[in-house]
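Participant: So I've got this file, my_file-v1.cif, and it contains mmCIF, C-alpha atoms:
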```cif
data_start
loop_
_atom_site.label_atom_id
_atom_site.label_comp_id
_atom_site.auth_asym_id
_atom_site.auth_seq_id
_atom_site.Cartn_x
_atom_site.Cartn_y
_atom_site.Cartn_z
CA MET A 145 -11.28 16.79 -13.61
CA ASP A 146 -14.01 16.68 -16.25
CA SER A 147 -15.19 13.51 -17.94
CA SER A 148 -13.62 14.39 -21.31
CA LYS A 149 -10.16 14.63 -19.73
CA ILE A 150 -10.64 11.31 -17.92
CA SER A 151 -11.78 9.72 -21.18
CA GLN A 152 -8.62 10.99 -22.87
CA ILE A 153 -6.44 9.60 -20.06
CA LEU A 154 -8.14 6.21 -20.33
CA ARG A 155 -7.87 6.24 -24.11
CA ILE A 156 -4.17 7.04 -24.02
CA SER A 157 -3.57 4.43 -21.35
CA LYS A 158 -5.24 1.73 -23.43
CA MET A 159 -3.26 2.67 -26.52
CA TYR A 160 0.00 2.58 -24.58
CA TYR A 161 -0.49 -0.49 -22.37
CA GLU A 162 -2.90 -2.64 -24.38
CA LEU A 163 -2.15 -1.70 -28.02
CA ASN A 164 1.59 -1.25 -27.38
CA MET A 165 1.66 2.06 -29.26
CA SER A 166 4.65 4.33 -28.65
CA GLN A 167 4.23 7.69 -26.98
CA ILE A 168 5.16 9.38 -30.26
CA GLN A 169 2.44 7.44 -32.13
CA ILE A 170 -0.10 8.34 -29.46
CA ALA A 171 0.93 12.01 -29.55
CA GLU A 172 0.39 12.13 -33.32
CA LYS A 173 -2.99 10.40 -33.03
CA GLU A 174 -4.19 12.67 -30.21
CA GLY A 175 -2.70 15.86 -31.64
CA ILE A 176 -0.67 16.58 -28.51
CA SER A 177 3.02 16.58 -27.58
CA LYS A 178 4.92 13.51 -26.42
CA SER A 179 5.54 15.20 -23.06
CA ASN A 180 1.78 15.60 -22.62
CA VAL A 181 1.30 11.89 -23.32
CA SER A 182 3.88 11.07 -20.65
CA ARG A 183 2.20 13.42 -18.20
CA LEU A 184 -1.24 11.94 -18.81
CA LEU A 185 0.09 8.38 -18.35
CA LYS A 186 1.55 9.44 -15.00
CA SER A 187 -1.81 10.99 -14.07
CA ALA A 188 -3.50 7.67 -14.87
CA MET A 189 -1.10 5.90 -12.52
CA ASP A 190 -1.55 8.49 -9.76
CA MET A 191 -5.35 8.29 -10.05
CA GLY A 192 -5.34 4.52 -9.83
CA LEU A 193 -6.82 4.13 -13.31
CA ILE A 194 -4.04 1.73 -14.29
CA GLU A 195 -2.03 -0.74 -12.27
CA VAL A 196 1.38 -2.16 -13.08
CA ARG A 197 2.33 -5.46 -11.46
CA VAL A 198 5.67 -7.20 -11.66
CA LYS A 199 5.09 -10.86 -12.50
CA GLU A 200 7.85 -12.64 -10.65
CA SER A 201 6.43 -16.01 -11.71
CA VAL A 202 8.85 -16.00 -14.66
CA LEU A 203 11.46 -17.05 -12.11
CA SER A 204 10.94 -20.79 -11.87
CA TYR A 205 11.52 -22.78 -8.71
CA GLY A 206 10.36 -25.99 -10.33
CA ASP A 207 13.15 -28.12 -8.88
CA LEU A 208 12.58 -26.79 -5.36
CA GLU A 209 8.82 -27.24 -5.65
CA LYS A 210 9.32 -30.77 -6.94
CA GLU A 211 11.62 -31.60 -4.03
CA LEU A 212 9.07 -30.39 -1.48
CA ILE A 213 6.33 -32.44 -3.14
CA GLU A 214 8.56 -35.54 -3.17
CA ARG A 215 9.55 -35.19 0.48
CA PHE A 216 6.15 -34.36 1.94
CA PRO A 217 2.50 -35.34 1.27
CA LEU A 218 1.90 -32.23 -0.85
CA ARG A 219 -0.10 -31.81 -4.05
CA ARG A 220 1.09 -28.31 -4.87
CA ALA A 221 3.90 -25.96 -3.83
CA VAL A 222 4.07 -22.33 -4.95
CA ILE A 223 7.38 -20.63 -4.17
CA VAL A 224 7.78 -16.86 -4.51
CA PRO A 225 11.21 -15.19 -4.82
CA ASP A 226 12.48 -12.58 -2.37
CA LEU A 227 13.54 -9.93 -4.88
CA VAL A 228 13.95 -6.82 -2.73
CA GLY A 229 14.70 -8.12 0.76
CA ASN A 230 11.64 -6.46 2.29
CA ARG A 231 9.52 -8.64 4.58
CA GLN A 232 6.24 -6.81 3.98
CA VAL A 233 6.65 -6.84 0.19
CA LEU A 234 7.49 -10.55 0.30
CA LEU A 235 4.46 -11.27 2.48
CA GLN A 236 2.22 -9.44 0.03
CA ASP A 237 3.74 -11.31 -2.91
CA VAL A 238 3.22 -14.73 -1.31
CA CYS A 239 -0.33 -13.86 -0.23
CA GLY A 240 -0.98 -12.49 -3.71
CA ALA A 241 -0.01 -15.85 -5.21
CA LEU A 242 -2.57 -17.62 -3.04
CA ALA A 243 -5.24 -14.98 -3.71
CA GLU A 244 -4.73 -15.51 -7.44
CA ASP A 245 -5.11 -19.28 -7.08
CA LEU A 246 -8.03 -19.30 -4.64
CA PRO A 247 -10.83 -19.37 -7.26
CA ARG A 248 -9.59 -22.72 -8.58
CA PHE A 249 -10.38 -24.34 -5.22
CA LEU A 250 -13.89 -22.95 -4.72
CA LYS A 251 -17.12 -24.40 -6.05
CA ASP A 252 -20.74 -23.37 -5.66
CA GLN A 253 -22.50 -24.51 -2.48
CA SER A 254 -19.22 -25.32 -0.72
CA ILE A 255 -17.76 -24.51 2.70
CA LEU A 256 -14.61 -22.42 3.09
CA GLY A 257 -12.81 -22.41 6.43
CA VAL A 258 -10.47 -19.54 7.32
CA HIS A 259 -8.23 -18.76 10.25
CA TRP A 260 -6.88 -15.37 11.29
CA GLY A 261 -3.60 -13.69 12.20
CA ASN A 262 -1.14 -11.25 10.65
CA THR A 263 -0.60 -13.26 7.46
CA LEU A 264 -4.32 -13.77 6.87
CA ALA A 265 -4.90 -10.05 7.45
CA VAL A 266 -2.56 -9.30 4.53
CA LEU A 267 -4.17 -11.99 2.38
CA ALA A 268 -7.65 -10.65 3.14
CA LYS A 269 -6.79 -7.30 1.54
CA LEU A 270 -5.68 -8.99 -1.69
CA LEU A 271 -8.68 -11.23 -2.30
CA PRO A 272 -10.32 -10.92 -5.72
CA SER A 273 -14.05 -10.92 -6.36
CA ILE A 274 -14.92 -14.58 -6.89
CA LYS A 275 -18.25 -15.24 -8.54
CA ARG A 276 -19.65 -18.28 -6.76
CA GLN A 277 -23.05 -19.14 -5.34
CA GLY A 278 -23.95 -20.43 -1.91
CA ILE A 279 -20.49 -20.49 -0.31
CA SER A 280 -20.43 -20.59 3.48
CA VAL A 281 -17.34 -19.12 5.13
CA ILE A 282 -16.58 -20.35 8.65
CA GLN A 283 -13.95 -19.49 11.22
CA LEU A 284 -11.72 -22.42 12.05
CA SER A 285 -11.15 -21.21 15.61
CA GLY A 286 -12.34 -18.57 18.01
CA GLY A 287 -10.78 -15.17 17.54
CA PHE A 288 -11.84 -13.06 20.51
CA SER A 289 -9.05 -11.45 22.53
CA ARG A 290 -8.93 -11.36 26.30
CA ALA A 291 -6.48 -8.46 26.24
CA VAL A 292 -6.50 -5.01 24.68
CA TYR A 293 -5.54 -6.48 21.32
CA GLU A 294 -7.48 -6.69 18.09
CA SER A 295 -6.94 -9.97 16.28
CA GLY A 296 -8.81 -8.75 13.20
CA ALA A 297 -10.54 -12.14 13.03
CA LEU A 298 -13.94 -10.67 12.19
CA ASP A 299 -12.55 -8.32 9.54
CA ILE A 300 -10.72 -11.22 7.91
CA LEU A 301 -13.89 -13.31 7.91
CA LYS A 302 -15.85 -10.43 6.37
CA SER A 303 -13.25 -9.97 3.63
CA PHE A 304 -13.51 -13.62 2.61
CA VAL A 305 -17.31 -13.45 2.73
CA ASP A 306 -17.32 -10.37 0.50
CA SER A 307 -14.83 -11.97 -1.87
CA VAL A 308 -16.99 -15.05 -2.52
CA HIS A 309 -20.33 -13.24 -2.08
CA GLY A 310 -21.23 -15.81 0.54
CA THR A 311 -22.46 -16.13 4.12
CA GLY A 312 -20.14 -15.90 7.11
CA TYR A 313 -20.19 -17.83 10.37
CA GLN A 314 -18.17 -16.47 13.28
CA ILE A 315 -17.09 -18.38 16.38
CA PRO A 316 -17.90 -15.78 19.07
CA ALA A 317 -15.32 -16.99 21.58
CA PRO A 318 -11.59 -16.89 22.31
CA ALA A 319 -9.36 -19.52 20.72
CA MET A 320 -8.37 -20.87 24.13
CA VAL A 321 -9.81 -20.68 27.66
CA ASP A 322 -8.38 -21.49 31.09
CA GLN A 323 -10.07 -24.82 31.72
CA ALA A 324 -11.33 -27.71 29.58
CA PHE A 325 -14.79 -27.66 31.17
CA ILE A 326 -15.19 -24.02 30.11
CA ALA A 327 -14.34 -24.94 26.52
CA ASP A 328 -16.82 -27.84 26.64
CA ALA A 329 -19.59 -25.51 27.85
CA ILE A 330 -18.85 -22.91 25.16
CA LYS A 331 -18.85 -25.56 22.43
CA GLN A 332 -22.39 -26.52 23.43
CA ASP A 333 -23.64 -23.11 22.33
CA HIS A 334 -25.88 -23.68 19.30
CA GLN A 335 -24.02 -21.25 17.02
CA ILE A 336 -20.58 -22.59 17.88
CA ASP A 337 -21.71 -26.21 17.72
CA GLN A 338 -23.16 -25.53 14.25
CA ILE A 339 -19.88 -24.05 12.98
CA LEU A 340 -17.78 -26.89 14.38
CA ASP A 341 -20.13 -29.34 12.71
CA MET A 342 -19.82 -27.43 9.41
CA ALA A 343 -16.04 -27.80 9.70
CA LYS A 344 -16.50 -31.56 9.30
CA HIS A 345 -17.90 -30.88 5.82
CA CYS A 346 -15.46 -28.11 4.89
CA ASP A 347 -14.11 -28.28 1.33
CA THR A 348 -11.29 -25.75 1.51
CA ALA A 349 -9.30 -24.29 4.40
CA VAL A 350 -6.97 -21.28 4.32
CA PHE A 351 -4.61 -20.71 7.23
CA SER A 352 -1.07 -19.99 8.35
CA VAL A 353 1.06 -21.34 11.17
CA GLY A 354 2.76 -19.63 14.08
CA ASN A 355 6.08 -20.40 15.68
CA LEU A 356 6.91 -19.80 19.33
CA GLU A 357 8.64 -16.52 18.71
CA ARG A 358 7.51 -13.86 21.15
CA PRO A 359 5.48 -11.74 21.20
CA SER A 360 3.09 -14.00 19.27
CA VAL A 361 -0.48 -13.23 18.36
CA LEU A 362 -1.78 -15.78 20.88
CA TYR A 363 0.35 -14.16 23.59
CA GLU A 364 -0.79 -10.64 22.68
CA MET A 365 -4.38 -11.84 22.86
CA GLY A 366 -3.85 -13.00 26.43
CA LEU A 367 -4.50 -16.65 25.56
CA ILE A 368 -1.16 -18.05 26.71
CA THR A 369 1.20 -16.95 29.46
CA GLU A 370 4.94 -17.07 30.06
CA GLU A 371 4.34 -20.25 32.04
CA ASN A 372 2.47 -21.72 29.07
CA TYR A 373 5.46 -20.92 26.86
CA ARG A 374 7.79 -22.72 29.22
CA ILE A 375 5.60 -25.82 29.38
CA ILE A 376 5.07 -25.89 25.60
CA LYS A 377 8.81 -25.69 24.93
CA GLU A 378 9.65 -28.31 27.54
CA LYS A 379 7.22 -30.73 25.91
CA GLY A 380 8.70 -30.20 22.47
CA GLY A 381 6.20 -27.76 21.04
CA ILE A 382 7.32 -25.80 18.00
CA GLY A 383 4.27 -23.71 17.10
CA ASP A 384 0.57 -23.69 16.43
CA CYS A 385 -1.75 -24.51 13.56
CA CYS A 386 -5.27 -23.08 13.74
CA SER A 387 -4.74 -22.47 17.49
CA HIS A 388 -3.61 -26.07 18.17
CA PHE A 389 -0.06 -26.41 19.51
CA ILE A 390 1.83 -29.10 17.63
CA ASN A 391 5.08 -31.06 17.93
CA LYS A 392 7.72 -31.69 15.26
CA ASN A 393 5.55 -34.42 13.70
CA GLY A 394 2.54 -32.14 13.26
CA GLU A 395 0.63 -33.86 16.06
CA ILE A 396 -1.19 -32.38 19.03
CA LEU A 397 1.48 -31.47 21.58
CA ASP A 398 -0.56 -31.87 24.76
CA PRO A 399 -4.05 -33.43 24.56
CA GLU A 400 -5.01 -31.98 27.94
CA MET A 401 -4.02 -28.45 26.93
CA ASP A 402 -5.75 -28.92 23.58
CA LYS A 403 -9.05 -29.54 25.38
CA ARG A 404 -8.98 -25.84 26.24
CA VAL A 405 -8.99 -24.87 22.55
CA ILE A 406 -12.22 -23.70 20.91
CA ALA A 407 -11.63 -24.61 17.29
CA ALA A 408 -12.21 -27.26 14.66
CA PRO A 409 -10.19 -30.27 15.91
CA LEU A 410 -6.87 -30.88 14.20
CA ASP A 411 -7.99 -34.30 12.94
CA VAL A 412 -11.01 -32.61 11.34
CA ILE A 413 -8.80 -30.02 9.65
CA LYS A 414 -6.54 -32.80 8.40
CA LYS A 415 -9.50 -34.37 6.53
CA ILE A 416 -10.41 -31.19 4.64
CA PRO A 417 -9.81 -31.92 0.91
CA ASN A 418 -8.06 -28.62 0.10
CA LYS A 419 -5.80 -27.30 2.85
CA LEU A 420 -3.99 -24.11 1.77
CA LEU A 421 -1.13 -23.00 4.00
CA VAL A 422 0.47 -19.57 3.47
CA ALA A 423 3.54 -18.49 5.43
CA VAL A 424 6.63 -16.30 5.12
CA GLY A 425 9.91 -16.29 7.01
CA LYS A 426 12.69 -18.77 7.72
CA GLU A 427 11.85 -18.62 11.43
CA LYS A 428 8.68 -20.53 10.56
CA ALA A 429 10.49 -23.28 8.64
CA GLU A 430 10.34 -25.78 11.50
CA VAL A 431 6.62 -25.39 12.19
CA ILE A 432 5.83 -25.42 8.45
CA LYS A 433 7.82 -28.63 8.15
CA ALA A 434 5.86 -30.12 11.07
CA ALA A 435 2.56 -29.22 9.39
CA LEU A 436 3.78 -30.87 6.19
CA ILE A 437 4.86 -34.03 8.00
CA GLY A 438 1.52 -34.16 9.81
CA GLY A 439 -0.45 -34.07 6.56
CA LEU A 440 -1.99 -30.70 7.40
CA VAL A 441 -1.16 -29.12 4.03
CA ASP A 442 -2.18 -29.89 0.45
CA SER A 443 -1.11 -26.64 -1.20
CA LEU A 444 1.80 -24.64 0.18
CA TYR A 445 2.46 -20.95 -0.54
CA ILE A 446 5.82 -19.73 0.77
CA ASP A 447 8.90 -17.68 -0.12
CA ALA A 448 12.04 -19.15 -1.64
CA PRO A 449 14.37 -18.64 1.38
CA THR A 450 11.90 -20.43 3.65
CA ALA A 451 11.47 -23.27 1.15
CA GLU A 452 15.24 -23.69 1.00
CA GLU A 453 15.42 -23.69 4.81
CA ILE A 454 12.77 -26.41 5.03
CA ILE A 455 14.80 -28.57 2.66
CA ARG A 456 17.97 -27.85 4.62
CA ILE A 457 16.53 -29.00 7.96
CA SER A 458 14.73 -32.02 6.49
#
```
Show me, as structure tokens, the structure contained in the file I just sent.

Facilitator:
Amino acid sequence: MDSSKISQILRISKMYYELNMSQIQIAEKEGISKSNVSRLLKSAMDMGLIEVRVKESVLSYGDLEKELIERFPLRRAVIVPDLVGNRQVLLQDVCGALAEDLPRFLKDQSILGVHWGNTLAVLAKLLPSIKRQGISVIQLSGGFSRAVYESGALDILKSFVDSVHGTGYQIPAPAMVDQAFIADAIKQDHQIDQILDMAKHCDTAVFSVGNLERPSVLYEMGLITEENYRIIKEKGGIGDCCSHFINKNGEILDPEMDKRVIAAPLDVIKKIPNKLLVAVGKEKAEVIKAALIGGLVDSLYIDAPTAEEIIRIS
């Protein structure tokens, strides 16, 4: 398609979407038929020259958000409606809400900590270009897999780095190893030690939580076994936050098991000024609630059914 035709498509699109002109008015101005205007608008959509987004924010969940903030040590709760009953669409909508808010939390010369997983992979694709200077982006836990499974941890890190035009720091290790002494040795590596030290000065953290539903990402990565599952459940574990298994109070489930984790310690994460948790699905209500009780969340981004479930079980 030649440049003159593209210019006409853009011109018509601006008149229709930005100037609110009718298709008849545009047709008269352009000297073409109304059907041609309609066809060119469709071409603009097909070519990706225009985007139409449904703003569900007009549906207010103010009372529900207020109740969450009153019950838990939260500063902000963003609740997104489930309008079409599709899990993937809902996940994109919730992640989109966080992506839209992210710039408000980021300042020049700051440190941004990110985790990985299925939810963060969706979020990473929705990140806007954020014009900041000198932002360092660190992984909050190791992301290497010991099985034939791709966690996407590095791709997620790169997406955040590209979004903020910053510098990325990867933890080149799995999130959990077999023995505590192995974890201690790995943490002594200069690169990993540097990142874990940076976590102590982190300004903003973005992460999700995982419940014990199988198959989980940690299981697929070969980091925990069926026996681990049994032990975790017997001890009252309900899920993980940044690779740390937690109990119903948002505390470390098993200190000895946690020594095997290669990640920023949970007490370090808790001290980060802006902790942004994004999660979707009522099956995660219990572990989200635990993270809230444990003071691991400042800003919560979830769907309405999950928010209602959290209130119901509280």

Participant: Kindly indicate which residue among A:Leu421, A:Asn164, A:Ala327, A:Lys428 lies nearest to Leu246 of chain A, using all atoms listed in the file for the distances.

Facilitator: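 With all atoms listed in the file as the atom set, the closest residue is A:Leu421.
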
Participant: Could you tell me which of A:Ser303, A:Ser187, A:Gln314, A:Ser179 comes closest to Ser157 of chain A if we count only C-alpha atoms?

Facilitator: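 Closest residue, counting only C-alpha atoms: A:Ser187.
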
Participant: Between A:Arg155, A:Lys433, A:Lys210, A:His309, which is the closest to Lys275 of chain A once you count all atoms listed in the file?

Facilitator: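 The answer is A:His309, which sits nearest to Lys275 of chain A.
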
Participant: Please enumerate the residues selected by the PyMOL selection byres ((chain A and resi 435) around 12) when evaluated against the supplied file, formatted as a PyMOL selection string.

Facilitator: chain A and resi 216-218+351-355+382-386+388-396+410+413-414+419-423+428-434+436-444+454

Participant: Pick out the residues sitting within 7 Å of Ile153 of chain A, and hand them over as a list of chain:residue names; count all atoms listed in the file, and ignore anything fewer than 2 positions along from it in its own chain.

Facilitator: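 Result of the neighbour search: A:Lys149, A:Ile150, A:Ser151, A:Arg155, A:Ile156, A:Ser157, A:Leu184, A:Leu185, A:Ala188.
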
Participant: Apply the PyMOL selection byres ((chain A and resi 181) around 9) to the displayed file and report the matching residues as a list of chain:residue names.

Facilitator: A:Ile153, A:Ile156, A:Gln167, A:Ile168, A:Ile170, A:Ala171, A:Glu174, A:Ile176, A:Ser177, A:Lys178, A:Ser179, A:Asn180, A:Ser182, A:Arg183, A:Leu184, A:Leu185, A:Lys186

Participant: Write a file of the just-selected residues containing C-alpha atoms, as a JSON list (two decimals), in the coordinates of the input.

Facilitator:
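Output below, filename part-v1.json:
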```
[["chain", "number", "residue", "atom", "x", "y", "z"],
["A", 153, "ILE", "CA", -6.44, 9.60, -20.06],
["A", 156, "ILE", "CA", -4.17, 7.04, -24.02],
["A", 167, "GLN", "CA", 4.23, 7.69, -26.98],
["A", 168, "ILE", "CA", 5.16, 9.38, -30.26],
["A", 170, "ILE", "CA", -0.10, 8.34, -29.46],
["A", 171, "ALA", "CA", 0.93, 12.01, -29.55],
["A", 174, "GLU", "CA", -4.19, 12.67, -30.21],
["A", 176, "ILE", "CA", -0.67, 16.58, -28.51],
["A", 177, "SER", "CA", 3.02, 16.58, -27.58],
["A", 178, "LYS", "CA", 4.92, 13.51, -26.42],
["A", 179, "SER", "CA", 5.54, 15.20, -23.06],
["A", 180, "ASN", "CA", 1.78, 15.60, -22.62],
["A", 182, "SER", "CA", 3.88, 11.07, -20.65],
["A", 183, "ARG", "CA", 2.20, 13.42, -18.20],
["A", 184, "LEU", "CA", -1.24, 11.94, -18.81],
["A", 185, "LEU", "CA", 0.09, 8.38, -18.35],
["A", 186, "LYS", "CA", 1.55, 9.44, -15.00]]
```

Participant: To one decimal place, how far is atom CA of Asp245 of chain A from atom CA of Val222 of chain A in Å?

Facilitator: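 The value is 9.9 Å.
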
Participant: Expressed in Å to a single decimal, how great is the separation between atom CA of Val238 of chain A and atom CA of Arg220 of chain A?

Facilitator: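 According to the coordinates, atom CA of Val238 of chain A and atom CA of Arg220 of chain A are separated by 14.2 Å.
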
Participant: Because the input lacks atoms here, generate N, CA and C atoms for segment 148-162 of chain A and report them as an mmCIF file, in the frame of the given file.

Facilitator:
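Written output follows (selection06.cif):
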```cif
data_model
loop_
_atom_site.group_PDB
_atom_site.id
_atom_site.type_symbol
_atom_site.label_atom_id
_atom_site.label_comp_id
_atom_site.auth_asym_id
_atom_site.auth_seq_id
_atom_site.Cartn_x
_atom_site.Cartn_y
_atom_site.Cartn_z
ATOM 1 N N SER A 148 -14.329 14.456 -20.038
ATOM 2 C CA SER A 148 -13.620 14.390 -21.310
ATOM 3 C C SER A 148 -12.116 14.167 -21.089
ATOM 4 N N LYS A 149 -11.577 14.809 -20.040
ATOM 5 C CA LYS A 149 -10.160 14.630 -19.730
ATOM 6 C C LYS A 149 -9.889 13.205 -19.241
ATOM 7 N N ILE A 150 -10.798 12.693 -18.408
ATOM 8 C CA ILE A 150 -10.640 11.310 -17.920
ATOM 9 C C ILE A 150 -10.727 10.325 -19.079
ATOM 10 N N SER A 151 -11.646 10.592 -20.007
ATOM 11 C CA SER A 151 -11.780 9.720 -21.180
ATOM 12 C C SER A 151 -10.486 9.721 -21.996
ATOM 13 N N GLN A 152 -9.880 10.906 -22.127
ATOM 14 C CA GLN A 152 -8.620 10.990 -22.870
ATOM 15 C C GLN A 152 -7.514 10.205 -22.166
ATOM 16 N N ILE A 153 -7.465 10.326 -20.837
ATOM 17 C CA ILE A 153 -6.440 9.600 -20.060
ATOM 18 C C ILE A 153 -6.623 8.098 -20.229
ATOM 19 N N LEU A 154 -7.865 7.638 -20.163
ATOM 20 C CA LEU A 154 -8.140 6.210 -20.330
ATOM 21 C C LEU A 154 -7.806 5.754 -21.743
ATOM 22 N N ARG A 155 -8.133 6.574 -22.706
ATOM 23 C CA ARG A 155 -7.870 6.240 -24.110
ATOM 24 C C ARG A 155 -6.367 6.105 -24.358
ATOM 25 N N ILE A 156 -5.625 7.063 -23.857
ATOM 26 C CA ILE A 156 -4.170 7.040 -24.020
ATOM 27 C C ILE A 156 -3.555 5.840 -23.290
ATOM 28 N N SER A 157 -4.071 5.563 -22.126
ATOM 29 C CA SER A 157 -3.570 4.430 -21.350
ATOM 30 C C SER A 157 -3.781 3.119 -22.087
ATOM 31 N N LYS A 158 -4.953 2.955 -22.696
ATOM 32 C CA LYS A 158 -5.240 1.730 -23.430
ATOM 33 C C LYS A 158 -4.346 1.594 -24.668
ATOM 34 N N MET A 159 -4.134 2.716 -25.344
ATOM 35 C CA MET A 159 -3.260 2.670 -26.520
ATOM 36 C C MET A 159 -1.834 2.288 -26.132
ATOM 37 N N TYR A 160 -1.380 2.813 -24.994
ATOM 38 C CA TYR A 160 0.000 2.580 -24.580
ATOM 39 C C TYR A 160 0.207 1.172 -23.999
ATOM 40 N N TYR A 161 -0.691 0.774 -23.098
ATOM 41 C CA TYR A 161 -0.490 -0.490 -22.370
ATOM 42 C C TYR A 161 -1.125 -1.704 -23.057
ATOM 43 N N GLU A 162 -2.209 -1.501 -23.782
ATOM 44 C CA GLU A 162 -2.900 -2.640 -24.380
ATOM 45 C C GLU A 162 -2.619 -2.783 -25.884
#
```
